[in-house]
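S.K.: One file: coords14.csv (CSV, C-alpha atoms).
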chain,number,residue,atom,x,y,z
A,1,MET,CA,0.0,0.0,0.0
A,2,ILE,CA,1.1,3.5,-0.8
A,3,GLN,CA,2.0,5.6,2.3
A,4,THR,CA,-0.6,8.2,3.0
A,5,PRO,CA,-1.2,11.1,2.5
A,6,TYR,CA,-1.5,10.9,-1.3
A,7,TYR,CA,-3.6,12.2,-4.1
A,8,LEU,CA,-5.0,9.4,-6.2
A,9,ILE,CA,-6.0,10.2,-9.8
A,10,ASP,CA,-8.3,7.6,-11.3
A,11,LYS,CA,-8.0,7.5,-15.0
A,12,SER,CA,-11.3,5.7,-15.5
A,13,LYS,CA,-13.1,8.6,-13.8
A,14,LEU,CA,-10.9,11.2,-15.7
A,15,LEU,CA,-11.9,9.4,-18.9
A,16,GLN,CA,-15.6,10.1,-18.3
A,17,ASN,CA,-14.8,13.9,-18.3
A,18,MET,CA,-12.6,13.6,-21.3
A,19,GLU,CA,-15.3,11.8,-23.3
A,20,LYS,CA,-17.8,14.5,-22.6
A,21,ILE,CA,-15.3,17.2,-23.7
A,22,ALA,CA,-14.7,15.2,-26.9
A,23,THR,CA,-18.5,15.1,-27.5
A,24,LEU,CA,-18.9,18.8,-26.9
A,25,ARG,CA,-16.0,19.6,-29.3
A,26,GLU,CA,-17.6,17.5,-32.0
A,27,LEU,CA,-21.1,18.9,-31.6
A,28,SER,CA,-20.2,22.5,-31.2
A,29,GLY,CA,-17.0,23.1,-33.1
A,30,ALA,CA,-15.5,24.7,-29.9
A,31,LYS,CA,-12.0,24.0,-28.8
A,32,ALA,CA,-11.1,23.0,-25.2
A,33,LEU,CA,-8.0,24.2,-23.4
A,34,LEU,CA,-7.0,22.8,-20.0
A,35,ALA,CA,-6.8,25.6,-17.4
A,36,LEU,CA,-3.5,24.9,-15.7
A,37,LYS,CA,-4.3,27.2,-12.8
A,38,CYS,CA,-6.8,24.5,-11.7
A,39,PHE,CA,-4.9,21.3,-12.6
A,40,ALA,CA,-1.3,21.0,-13.8
A,41,THR,CA,-0.4,17.4,-12.9
A,42,TRP,CA,1.5,16.7,-16.1
A,43,SER,CA,1.8,13.0,-15.5
A,44,VAL,CA,-1.6,12.6,-17.1
A,45,PHE,CA,-1.2,15.1,-19.9
A,46,ASP,CA,-0.4,12.4,-22.4
A,47,PHE,CA,-3.8,10.8,-21.5
A,48,MET,CA,-5.7,14.1,-21.7
A,49,ARG,CA,-4.0,15.3,-24.9
A,50,ASP,CA,-6.1,13.0,-27.1
A,51,TYR,CA,-9.3,14.8,-25.9
A,52,MET,CA,-8.3,18.4,-25.6
A,53,ASP,CA,-6.8,21.1,-27.9
A,54,GLY,CA,-4.1,22.5,-25.6
A,55,THR,CA,-3.6,24.6,-22.5
A,56,THR,CA,-4.2,28.1,-21.1
A,57,SER,CA,-2.1,29.7,-18.4
A,58,SER,CA,-1.9,32.5,-15.9
A,59,SER,CA,1.8,32.9,-15.6
A,60,LEU,CA,5.2,32.3,-17.3
A,61,ASN,CA,5.7,29.1,-15.4
A,62,GLU,CA,2.3,27.7,-16.5
A,63,VAL,CA,2.7,28.7,-20.2
A,64,ARG,CA,6.1,27.0,-20.2
A,65,LEU,CA,4.7,23.9,-18.6
A,66,GLY,CA,1.8,23.8,-21.1
A,67,HIS,CA,4.2,24.2,-24.0
A,68,GLU,CA,6.7,21.7,-22.9
A,69,ARG,CA,4.5,19.0,-21.3
A,70,PHE,CA,1.2,19.2,-23.0
A,71,GLY,CA,1.9,20.7,-26.4
A,72,LYS,CA,-0.7,21.5,-29.1
A,73,GLU,CA,-2.2,25.0,-28.7
A,74,THR,CA,-0.6,27.1,-25.9
A,75,HIS,CA,-2.5,30.2,-24.8
A,76,ALA,CA,-0.7,32.7,-22.5
A,77,TYR,CA,-2.7,35.0,-20.2
A,78,SER,CA,-1.6,37.0,-17.2
A,79,VAL,CA,-3.2,39.8,-15.1
A,80,ALA,CA,0.1,41.6,-15.8
A,81,TYR,CA,3.4,40.6,-17.5
A,82,ALA,CA,6.7,41.9,-16.2
A,83,ASP,CA,9.3,43.4,-18.5
A,84,TYR,CA,11.8,40.6,-17.7
A,85,GLU,CA,9.4,37.8,-18.5
A,86,ILE,CA,7.5,38.9,-21.6
A,87,ASP,CA,10.0,37.6,-24.2
A,88,GLU,CA,10.1,34.1,-22.6
A,89,VAL,CA,6.3,34.1,-22.4
A,90,VAL,CA,6.0,34.8,-26.1
A,91,SER,CA,8.6,32.1,-26.9
A,92,HIS,CA,6.3,29.4,-25.4
A,93,ALA,CA,2.9,30.6,-26.6
A,94,ASP,CA,0.8,30.4,-29.8
A,95,LYS,CA,-1.5,33.1,-28.5
A,96,ILE,CA,-1.0,35.8,-25.9
A,97,ILE,CA,-4.0,37.5,-24.2
A,98,PHE,CA,-3.5,40.8,-22.5
A,99,ASN,CA,-5.5,41.9,-19.5
A,100,SER,CA,-5.6,45.6,-20.4
A,101,THR,CA,-5.0,47.8,-23.4
A,102,GLY,CA,-2.1,49.3,-21.4
A,103,GLN,CA,-0.3,46.0,-21.3
A,104,LEU,CA,-1.2,45.3,-25.0
A,105,THR,CA,0.3,48.6,-26.2
A,106,ARG,CA,3.3,48.4,-23.8
A,107,PHE,CA,4.3,45.0,-25.2
A,108,GLU,CA,3.1,45.5,-28.8
A,109,LYS,CA,6.6,45.1,-30.3
A,110,GLN,CA,7.6,42.0,-28.2
A,111,SER,CA,4.3,40.2,-29.0
A,112,SER,CA,4.1,41.0,-32.7
A,113,GLY,CA,5.2,37.6,-33.8
A,114,ILE,CA,2.2,35.6,-32.4
A,115,ILE,CA,-1.6,35.9,-32.2
A,116,ARG,CA,-2.8,38.5,-29.7
A,117,GLY,CA,-6.0,38.9,-27.8
A,118,LEU,CA,-7.5,41.0,-25.0
A,119,ARG,CA,-9.6,40.2,-22.0
A,120,LEU,CA,-13.0,41.7,-21.8
A,121,ASN,CA,-15.1,42.1,-18.6
A,122,PRO,CA,-18.9,42.1,-19.2
A,123,GLY,CA,-19.7,43.2,-15.6
A,124,VAL,CA,-21.7,40.1,-14.8
A,125,SER,CA,-20.7,36.8,-13.4
A,126,SER,CA,-22.1,33.6,-11.8
A,127,SER,CA,-19.8,33.8,-8.7
A,128,SER,CA,-21.4,33.7,-5.3
A,129,PHE,CA,-18.1,34.6,-3.6
A,130,ASP,CA,-16.9,38.2,-3.7
A,131,LEU,CA,-13.3,36.9,-3.4
A,132,ALA,CA,-13.6,35.0,-6.7
A,133,ASP,CA,-16.0,37.4,-8.6
A,134,PRO,CA,-14.3,38.7,-11.7
A,135,ALA,CA,-17.1,41.3,-12.1
A,136,ARG,CA,-16.8,42.6,-8.5
A,137,PRO,CA,-16.8,46.4,-8.1
A,138,PHE,CA,-13.5,48.0,-9.2
A,139,SER,CA,-12.3,44.7,-10.8
A,140,ARG,CA,-8.9,44.8,-12.5
A,141,LEU,CA,-9.8,41.7,-14.6
A,142,GLY,CA,-10.2,42.9,-18.2
A,143,GLU,CA,-11.5,45.9,-20.1
A,144,TRP,CA,-15.1,47.1,-19.6
A,145,ASP,CA,-15.4,50.0,-21.9
A,146,LEU,CA,-15.8,49.5,-25.7
A,147,ALA,CA,-14.3,53.0,-26.2
A,148,ASN,CA,-11.0,51.8,-24.8
A,149,VAL,CA,-10.9,48.7,-27.0
A,150,GLU,CA,-11.9,50.0,-30.4
A,151,PRO,CA,-8.7,52.0,-30.9
A,152,VAL,CA,-6.5,48.9,-30.5
A,153,MET,CA,-8.5,46.4,-32.6
A,154,GLU,CA,-5.8,46.4,-35.3
A,155,LEU,CA,-3.4,44.9,-32.8
A,156,ILE,CA,-5.6,41.9,-31.8
A,157,SER,CA,-7.7,39.2,-33.4
A,158,GLY,CA,-9.7,37.9,-30.5
A,159,PHE,CA,-11.0,38.1,-27.0
A,160,MET,CA,-11.1,36.1,-23.7
A,161,ILE,CA,-14.1,36.5,-21.5
A,162,HIS,CA,-14.1,34.7,-18.1
A,163,ASN,CA,-17.3,35.3,-16.0
A,164,ASN,CA,-18.5,31.8,-15.2
A,165,CYS,CA,-17.5,30.5,-11.8
A,166,GLU,CA,-18.7,27.0,-10.6
A,167,ASN,CA,-21.6,27.5,-12.9
A,168,GLY,CA,-23.7,24.3,-13.5
A,169,ASP,CA,-26.8,26.2,-14.6
A,170,PHE,CA,-27.2,26.3,-18.4
A,171,ASP,CA,-29.9,28.9,-18.3
A,172,LEU,CA,-27.7,31.3,-16.3
A,173,PHE,CA,-24.8,30.7,-18.8
A,174,ASP,CA,-27.2,31.3,-21.7
A,175,LYS,CA,-28.4,34.6,-20.1
A,176,MET,CA,-24.9,35.9,-19.4
A,177,LEU,CA,-23.8,35.0,-22.9
A,178,GLY,CA,-26.7,37.0,-24.1
A,179,ASP,CA,-25.5,39.9,-22.0
A,180,ILE,CA,-22.1,39.6,-23.6
A,181,GLU,CA,-23.5,39.5,-27.1
A,182,GLN,CA,-25.5,42.7,-26.4
A,183,LYS,CA,-22.7,44.6,-24.7
A,184,PHE,CA,-19.7,43.6,-26.9
A,185,GLY,CA,-21.5,42.6,-30.2
A,186,PRO,CA,-19.7,45.2,-32.3
A,187,LEU,CA,-16.3,44.1,-31.1
A,188,LEU,CA,-17.1,40.4,-31.4
A,189,LYS,CA,-18.0,40.9,-35.1
A,190,MET,CA,-14.5,42.2,-35.7
A,191,ALA,CA,-12.9,39.2,-34.0
A,192,GLU,CA,-11.7,35.8,-35.3
A,193,TRP,CA,-11.8,33.9,-32.1
A,194,VAL,CA,-13.4,34.2,-28.6
A,195,SER,CA,-12.5,32.3,-25.5
A,196,LEU,CA,-15.4,32.0,-23.1
A,197,GLY,CA,-13.1,30.9,-20.3
A,198,GLY,CA,-13.7,28.2,-17.7
A,199,GLY,CA,-16.0,27.7,-14.7
A,200,ILE,CA,-18.8,26.0,-16.8
A,201,HIS,CA,-19.6,22.6,-15.2
A,202,PHE,CA,-20.7,21.0,-18.4
A,203,THR,CA,-19.3,17.6,-17.5
A,204,GLY,CA,-21.5,17.5,-14.4
A,205,GLU,CA,-24.4,15.0,-14.0
A,206,ASN,CA,-27.6,16.0,-15.9
A,207,TYR,CA,-26.0,19.0,-17.6
A,208,PRO,CA,-27.7,19.6,-21.0
A,209,LEU,CA,-24.6,19.0,-23.1
A,210,GLU,CA,-26.4,19.1,-26.4
A,211,LYS,CA,-28.2,22.4,-25.6
A,212,PHE,CA,-24.8,23.8,-24.5
A,213,ALA,CA,-23.2,22.7,-27.8
A,214,GLU,CA,-26.0,24.2,-29.8
A,215,ARG,CA,-25.7,27.6,-28.0
A,216,LEU,CA,-21.9,27.7,-28.6
A,217,LYS,CA,-22.4,26.8,-32.2
A,218,ARG,CA,-25.0,29.6,-32.6
A,219,PHE,CA,-22.7,32.1,-31.0
A,220,SER,CA,-19.8,31.0,-33.2
A,221,GLY,CA,-21.9,31.3,-36.3
A,222,GLU,CA,-23.5,34.6,-35.5
A,223,PHE,CA,-20.2,36.4,-34.9
A,224,GLY,CA,-18.0,34.3,-37.2
A,225,VAL,CA,-15.5,33.3,-34.5
A,226,GLN,CA,-13.8,30.2,-33.4
A,227,VAL,CA,-15.0,29.5,-29.8
A,228,TYR,CA,-12.6,28.3,-27.1
A,229,LEU,CA,-13.5,27.0,-23.7
A,230,GLU,CA,-11.0,26.7,-20.8
A,231,PRO,CA,-12.2,23.9,-18.6
A,232,GLY,CA,-10.4,23.4,-15.3
A,233,GLU,CA,-12.7,21.7,-12.8
A,234,ALA,CA,-14.9,20.4,-15.7
A,235,SER,CA,-11.9,18.5,-17.0
A,236,ILE,CA,-11.0,16.7,-13.7
A,237,THR,CA,-14.1,16.8,-11.5
A,238,LYS,CA,-14.6,13.6,-9.4
A,239,SER,CA,-11.5,12.1,-10.8
A,240,THR,CA,-9.3,12.2,-7.7
A,241,THR,CA,-9.2,11.4,-4.0
A,242,LEU,CA,-7.0,12.5,-1.2
A,243,GLU,CA,-6.1,9.3,0.8
A,244,VAL,CA,-5.4,9.9,4.5
A,245,THR,CA,-5.0,7.8,7.6
A,246,VAL,CA,-6.4,8.2,11.1
A,247,LEU,CA,-3.6,9.1,13.6
A,248,ASP,CA,-5.6,9.8,16.8
A,249,LYS,CA,-9.1,9.8,18.3
A,250,LEU,CA,-10.5,12.4,20.8
A,251,TYR,CA,-13.8,13.4,22.4
A,252,ASN,CA,-14.5,17.0,23.2
A,253,GLY,CA,-18.3,17.1,23.0
A,254,LYS,CA,-18.0,15.4,19.6
A,255,ASP,CA,-16.1,12.4,18.4
A,256,LEU,CA,-13.0,13.7,16.7
A,257,VAL,CA,-10.3,12.0,14.6
A,258,VAL,CA,-7.0,13.5,13.5
A,259,VAL,CA,-5.6,12.4,10.1
A,260,ASP,CA,-2.1,12.7,8.5
A,261,SER,CA,-3.1,15.6,6.3
A,262,SER,CA,-4.1,19.3,6.6
A,263,ILE,CA,-6.8,21.3,5.0
A,264,GLU,CA,-4.6,24.4,5.0
A,265,ALA,CA,-1.7,22.6,3.4
A,266,HIS,CA,-3.5,20.2,1.0
A,267,LEU,CA,-7.1,21.4,0.3
A,268,LEU,CA,-6.6,25.1,0.7
A,269,ASP,CA,-9.6,26.3,-1.2
A,270,LEU,CA,-11.9,24.6,1.3
A,271,LEU,CA,-10.5,26.8,4.0
A,272,ILE,CA,-10.6,29.9,1.9
A,273,TYR,CA,-14.3,29.4,0.9
A,274,ARG,CA,-15.4,27.9,4.3
A,275,GLU,CA,-16.5,24.6,2.6
A,276,SER,CA,-16.3,21.0,3.8
A,277,ALA,CA,-14.5,18.1,2.1
A,278,LYS,CA,-16.5,15.2,0.7
A,279,VAL,CA,-16.7,11.6,1.9
A,280,HIS,CA,-18.7,8.9,0.1
A,281,PRO,CA,-21.2,7.6,0.9
A,282,ASN,CA,-21.3,9.7,4.1
A,283,GLN,CA,-23.8,7.3,5.7
A,284,GLY,CA,-23.9,5.3,8.8
A,285,PRO,CA,-24.4,5.5,12.6
A,286,HIS,CA,-20.9,6.7,13.5
A,287,ARG,CA,-20.3,10.4,13.1
A,288,TYR,CA,-16.9,12.0,13.4
A,289,GLN,CA,-15.3,15.4,12.9
A,290,VAL,CA,-12.3,14.8,10.7
A,291,CYS,CA,-9.5,17.1,11.7
A,292,GLY,CA,-6.1,17.9,10.2
A,293,LYS,CA,-2.8,17.6,12.0
A,294,SER,CA,-1.6,21.2,11.7
A,295,CYS,CA,-1.6,23.6,14.6
A,296,LEU,CA,-4.4,25.7,13.0
A,297,ALA,CA,-7.5,25.4,15.2
A,298,GLY,CA,-9.8,25.5,12.2
A,299,ASP,CA,-7.9,22.8,10.3
A,300,ILE,CA,-11.1,20.7,9.9
A,301,PHE,CA,-12.1,18.7,6.9
A,302,GLY,CA,-15.8,18.4,8.1
A,303,GLU,CA,-18.2,16.1,9.9
A,304,PHE,CA,-19.1,12.8,8.2
A,305,ASN,CA,-21.0,9.6,8.9
A,306,PHE,CA,-19.4,6.2,8.6
A,307,GLU,CA,-20.7,2.7,8.6
A,308,ASN,CA,-18.1,1.5,11.2
A,309,GLU,CA,-16.3,3.0,14.1
A,310,LEU,CA,-13.1,4.6,13.0
A,311,ASN,CA,-9.9,3.5,14.7
A,312,ILE,CA,-6.2,4.5,14.5
A,313,GLY,CA,-4.8,3.2,11.3
A,314,ASP,CA,-8.0,3.4,9.3
A,315,ARG,CA,-7.9,5.1,6.0
A,316,ILE,CA,-10.4,7.7,4.7
A,317,SER,CA,-10.8,8.8,1.0
A,318,LEU,CA,-11.6,12.4,0.7
A,319,GLN,CA,-13.5,12.8,-2.6
A,320,ASP,CA,-13.2,15.2,-5.6
A,321,THR,CA,-9.8,16.6,-4.7
A,322,ALA,CA,-8.1,17.3,-8.1
A,323,GLY,CA,-8.9,21.0,-8.7
A,324,TYR,CA,-7.0,23.8,-7.0
A,325,THR,CA,-5.2,21.3,-4.7
A,326,MET,CA,-2.0,20.0,-6.2
A,327,VAL,CA,-1.3,23.4,-7.6
A,328,LYS,CA,-1.8,25.0,-4.2
A,329,LYS,CA,-0.3,22.5,-1.8
A,330,ASN,CA,2.2,23.9,0.6
A,331,TRP,CA,4.6,23.1,3.5
A,332,PHE,CA,2.6,24.8,6.3
A,333,ASN,CA,3.8,23.4,9.6
A,334,GLY,CA,6.2,21.2,7.6
A,335,VAL,CA,3.3,18.7,7.3
A,336,GLN,CA,4.3,15.9,4.9
A,337,MET,CA,3.2,16.8,1.4
A,338,PRO,CA,1.0,14.2,-0.3
A,339,ALA,CA,2.5,12.0,-2.9
A,340,ILE,CA,0.7,11.8,-6.3
A,341,ALA,CA,-0.4,8.5,-7.6
A,342,ILE,CA,-2.4,7.3,-10.6
A,343,ARG,CA,-4.8,4.4,-11.0
A,344,GLU,CA,-4.5,3.2,-14.5
A,345,LEU,CA,-7.4,2.0,-16.6
A,346,ASP,CA,-6.5,-1.6,-15.8
A,347,GLY,CA,-6.7,-0.9,-12.1
A,348,SER,CA,-3.0,-0.9,-11.3
A,349,LEU,CA,-1.6,1.9,-9.1
A,350,ARG,CA,1.7,3.7,-9.6
A,351,THR,CA,3.3,6.6,-7.7
A,352,VAL,CA,4.4,9.4,-9.9
A,353,ARG,CA,5.8,11.8,-7.3
A,354,GLU,CA,6.9,11.7,-3.7
A,355,PHE,CA,8.1,14.6,-1.6
A,356,ASP,CA,10.7,14.4,1.2
A,357,TYR,CA,12.7,16.6,3.6
A,358,THR,CA,14.9,17.8,0.9
A,359,ASP,CA,11.9,19.2,-1.0
A,360,TYR,CA,10.8,21.0,2.2
A,361,GLU,CA,14.3,22.3,3.0
A,362,GLN,CA,14.9,23.5,-0.6
A,363,SER,CA,11.6,25.3,-0.7
A,364,LEU,CA,13.1,27.7,1.9
A,365,SER,CA,16.4,29.4,2.3
Kindly transcribe the structure held in the file into structure tokens.

M.R.:
Amino acid sequence: MIQTPYYLIDKSKLLQNMEKIATLRELSGAKALLALKCFATWSVFDFMRDYMDGTTSSSLNEVRLGHERFGKETHAYSVAYADYEIDEVVSHADKIIFNSTGQLTRFEKQSSGIIRGLRLNPGVSSSSFDLADPARPFSRLGEWDLANVEPVMELISGFMIHNNCENGDFDLFDKMLGDIEQKFGPLLKMAEWVSLGGGIHFTGENYPLEKFAERLKRFSGEFGVQVYLEPGEASITKSTTLEVTVLDKLYNGKDLVVVDSSIEAHLLDLLIYRESAKVHPNQGPHRYQVCGKSCLAGDIFGEFNFENELNIGDRISLQDTAGYTMVKKNWFNGVQMPAIAIRELDGSLRTVREFDYTDYEQSLS
């Protein structure tokens, strides 16, 4: 058995998402780029490459990783590029998308050799968290005003619009796309391609994939553009677990267990957004609060029901832990960083990455 903690990527579950992406590409004509900000575990890129068109990035490191490890189309985006990195970004990218007209004009010369685009902000989003809302008041994410964009149209050929956040509601997507068409229609008619970003949970259960494909195809036809999507969570949802082991049991008004992992170190988004982890089937007469081993008082995965009493040495599988986890894991408290393992389609397991004291030491100075 692999020593816990470790992330376990199940290729058979990953395949279910890949097949839905392939179906959408075929029905709609849209292209799909893996959003590396969400998932960048390159050990499965060779598997995902057959179902996706490339990658999109948020930094120099991500665009280089996409170019070198995934290949195919490589889109570069960043909220702001620095002078010292722009040349290297361009060397790894097929398209570069600027966040503002200021950045576009500043790096006009350096980026002249590749396709260029600009981020637009329609002022509406599906986010229920102000922290993650790209359309929040005073947002820095993209251009809002057509008057600022029209003078630079000769420098670009397309746009990126990202305003869906954990959006599994097709009707809401349809409505917001209508808002985009109304607000930016004159600009879209001058474009050759438009990326509608990520955050659309079209691989989720009961999502109307055919209606979604038809809407994308209609948008593409009306404006004469190649549509791109940037699925992050949609690519890897429900494909991965975080495997942990019970280290201790306590009672302090509730039954508690401490495991060999940490929410702040290994599932950071759950802490940021005040959400609980997932355990399946979460049924049974034995209820426990599952706690992390760091010194943070709120290092708690959540409360769950189990069929049997938990004992020291028992293992727990925390579900749906691929997105925004391996890309955010950290060495808080020096807690052992989870290994990364893959379950192949034939059921065999292999460890693709382990971390040790040297990794911890060399992450510091």

S.K.: Fewer than 2 positions away in the same chain doesn't count, so skip those; otherwise give me all residues within 8 Å of stretch 355-358 of chain A, counting all atoms listed in the file, as number ranges by chain.

M.R.: A: 336-339, 353, 360-362

S.K.: Take the residues from that selection and write them out as a tab-separated table (two decimals), keeping the file's coordinate frame, keeping C-alpha atoms.

M.R.:
chain	number	residue	atom	x	y	z
A	336	GLN	CA	4.30	15.90	4.90
A	337	MET	CA	3.20	16.80	1.40
A	338	PRO	CA	1.00	14.20	-0.30
A	339	ALA	CA	2.50	12.00	-2.90
A	353	ARG	CA	5.80	11.80	-7.30
A	360	TYR	CA	10.80	21.00	2.20
A	361	GLU	CA	14.30	22.30	3.00
A	362	GLN	CA	14.90	23.50	-0.60

S.K.: Counting all atoms listed in the file, which residues of stretch 57-166 of chain A sit at most 9 Å from some atom of stretch 21-34 of chain A, and what is each one's closest atom pair with its distance in Å to one decimal, listed by chain and rising residue number, as JSON lines?

M.R.:
{"residue": "A:Ser57", "atom": "CA", "partner": "A:Leu34", "partner_atom": "CA", "distance": 8.6}
{"residue": "A:Gly66", "atom": "CA", "partner": "A:Leu34", "partner_atom": "CA", "distance": 8.9}
{"residue": "A:Glu73", "atom": "CA", "partner": "A:Leu33", "partner_atom": "CA", "distance": 7.9}
{"residue": "A:Thr74", "atom": "CA", "partner": "A:Leu33", "partner_atom": "CA", "distance": 8.3}
{"residue": "A:His75", "atom": "CA", "partner": "A:Leu33", "partner_atom": "CA", "distance": 8.3}

S.K.: Can you pull out the residues contacting A:Leu36? Cut-off 7 Å, using all atoms listed in the file, and skip same-chain residues under 2 positions away; I want them as a list in words.

M.R.: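 Returned residues: Leu34, Cys38, Phe39, Ala40, Thr55, Thr56, Ser57 and Glu62 of chain A.
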
S.K.: Those residues with C-alpha atoms, as a tab-separated table (two decimals), keeping the file's coordinate frame please?

M.R.:
chain	number	residue	atom	x	y	z
A	34	LEU	CA	-7.00	22.80	-20.00
A	38	CYS	CA	-6.80	24.50	-11.70
A	39	PHE	CA	-4.90	21.30	-12.60
A	40	ALA	CA	-1.30	21.00	-13.80
A	55	THR	CA	-3.60	24.60	-22.50
A	56	THR	CA	-4.20	28.10	-21.10
A	57	SER	CA	-2.10	29.70	-18.40
A	62	GLU	CA	2.30	27.70	-16.50

S.K.: Go through A:Lys211, A:His162, A:Lys293, A:Lys217 one by one, measure the shortest atom-to-atom distance of each to A:Leu196 using all atoms listed in the file, and give the residue with the smallest value.

M.R.: A:His162

S.K.: Got a sec: who's within 9 Å of A:Trp42, counting only C-alpha atoms, leaving out chain neighbours fewer than 5 positions off, as a ChimeraX atom specification?

M.R.: /A:65-66,69-70

S.K.: Go ahead and save the residues from that selection, with C-alpha atoms, as an mmCIF file, keeping the file's coordinate frame.

M.R.:
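Done, and the output landed in again_10.cif:
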data_model
loop_
_atom_site.group_PDB
_atom_site.id
_atom_site.type_symbol
_atom_site.label_atom_id
_atom_site.label_comp_id
_atom_site.auth_asym_id
_atom_site.auth_seq_id
_atom_site.Cartn_x
_atom_site.Cartn_y
_atom_site.Cartn_z
ATOM 1 C CA LEU A 65 4.700 23.900 -18.600
ATOM 2 C CA GLY A 66 1.800 23.800 -21.100
ATOM 3 C CA ARG A 69 4.500 19.000 -21.300
ATOM 4 C CA PHE A 70 1.200 19.200 -23.000
#

S.K.: Work out how far apart atom CA of A:Phe301 and atom CA of A:Ser239 are and give it in Å to one decimal.

M.R.: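 Taking atom CA of A:Phe301 and atom CA of A:Ser239, their separation equals 18.9 Å.
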
S.K.: Using all atoms listed in the file, which of the listed residues (A:Gly123, A:Phe304, A:Leu60, A:His92) sits closest to A:Pro137?

M.R.: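 Counting all atoms listed in the file, the residue closest to A:Pro137 is A:Gly123.
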
S.K.: Kindly extract all protein, DNA and RNA residues lying within 12 Å of the coordinates (-9.6, 47.9, -30.7) given in the file, considering only C-alpha atoms, and supply them as JSON, numbers by chain.

M.R.: {"A": [100, 101, 104, 105, 116, 117, 118, 119, 120, 143, 145, 146, 147, 148, 149, 150, 151, 152, 153, 154, 155, 156, 157, 158, 159, 184, 186, 187, 188, 189, 190, 191]}

S.K.: Please determine, counting only C-alpha atoms, which residue among A:Lys249, A:Lys328, A:His286, A:Arg106 has the shortest atom-to-atom distance to A:Ile263.

M.R.: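 Using only C-alpha atoms, A:Ile263 sits closest to A:Lys328.
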
S.K.: Can you tell me which residues surround A:Gly168 at a distance of at most 7 Å, considering only C-alpha atoms, apart from same-chain residues fewer than 3 positions away, and format the answer as a ChimeraX atom specification?

M.R.: /A:200-202

S.K.: Those same residues - C-alpha atoms - I'd like them written as a PDB file, keeping the file's coordinate frame.

M.R.:
ATOM      1  CA  ILE A 200     -18.800  26.000 -16.800  1.00  0.00           C
ATOM      2  CA  HIS A 201     -19.600  22.600 -15.200  1.00  0.00           C
ATOM      3  CA  PHE A 202     -20.700  21.000 -18.400  1.00  0.00           C
TER       4      PHE A 202
END

S.K.: Using all atoms listed in the file, can you tell me which of A:Lys175, A:Arg350, A:Lys238, A:Arg64 comes closest to A:Asn17?

M.R.: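 Under the stated criterion, the closest residue is A:Lys238.
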
S.K.: Calculated over only C-alpha atoms, which of the candidates A:Ser58, A:Ala297, A:Leu14, A:Lys20 has the smallest distance to A:Ala213?

M.R.: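 Among the listed residues, A:Lys20 lies closest to A:Ala213.
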
S.K.: For atom CA of A:Asp94 and atom CA of A:Gly232, quote the distance in Å rounded to one decimal.

M.R.: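 Between atom CA of A:Asp94 and atom CA of A:Gly232 the gap is 19.6 Å.
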
S.K.: Which of these residues is nearest to A:Gly284, using all atoms listed in the file: A:Glu192, A:Glu181, A:Glu309, A:Asp269?

M.R.: A:Glu309

S.K.: Need the shell around A:Tyr273: protein/DNA/RNA residues with any atom at most 10 Å away, counting all atoms listed in the file. Skip same-chain ones fewer than 6 positions apart. Format as an MDAnalysis selection string?

M.R.: chainID A and resid 129 131:132

S.K.: Would you work out the distance separating atom CA of A:Asp130 from atom CA of A:Glu275, expressed in Å to one decimal?

M.R.: 15.0 Å
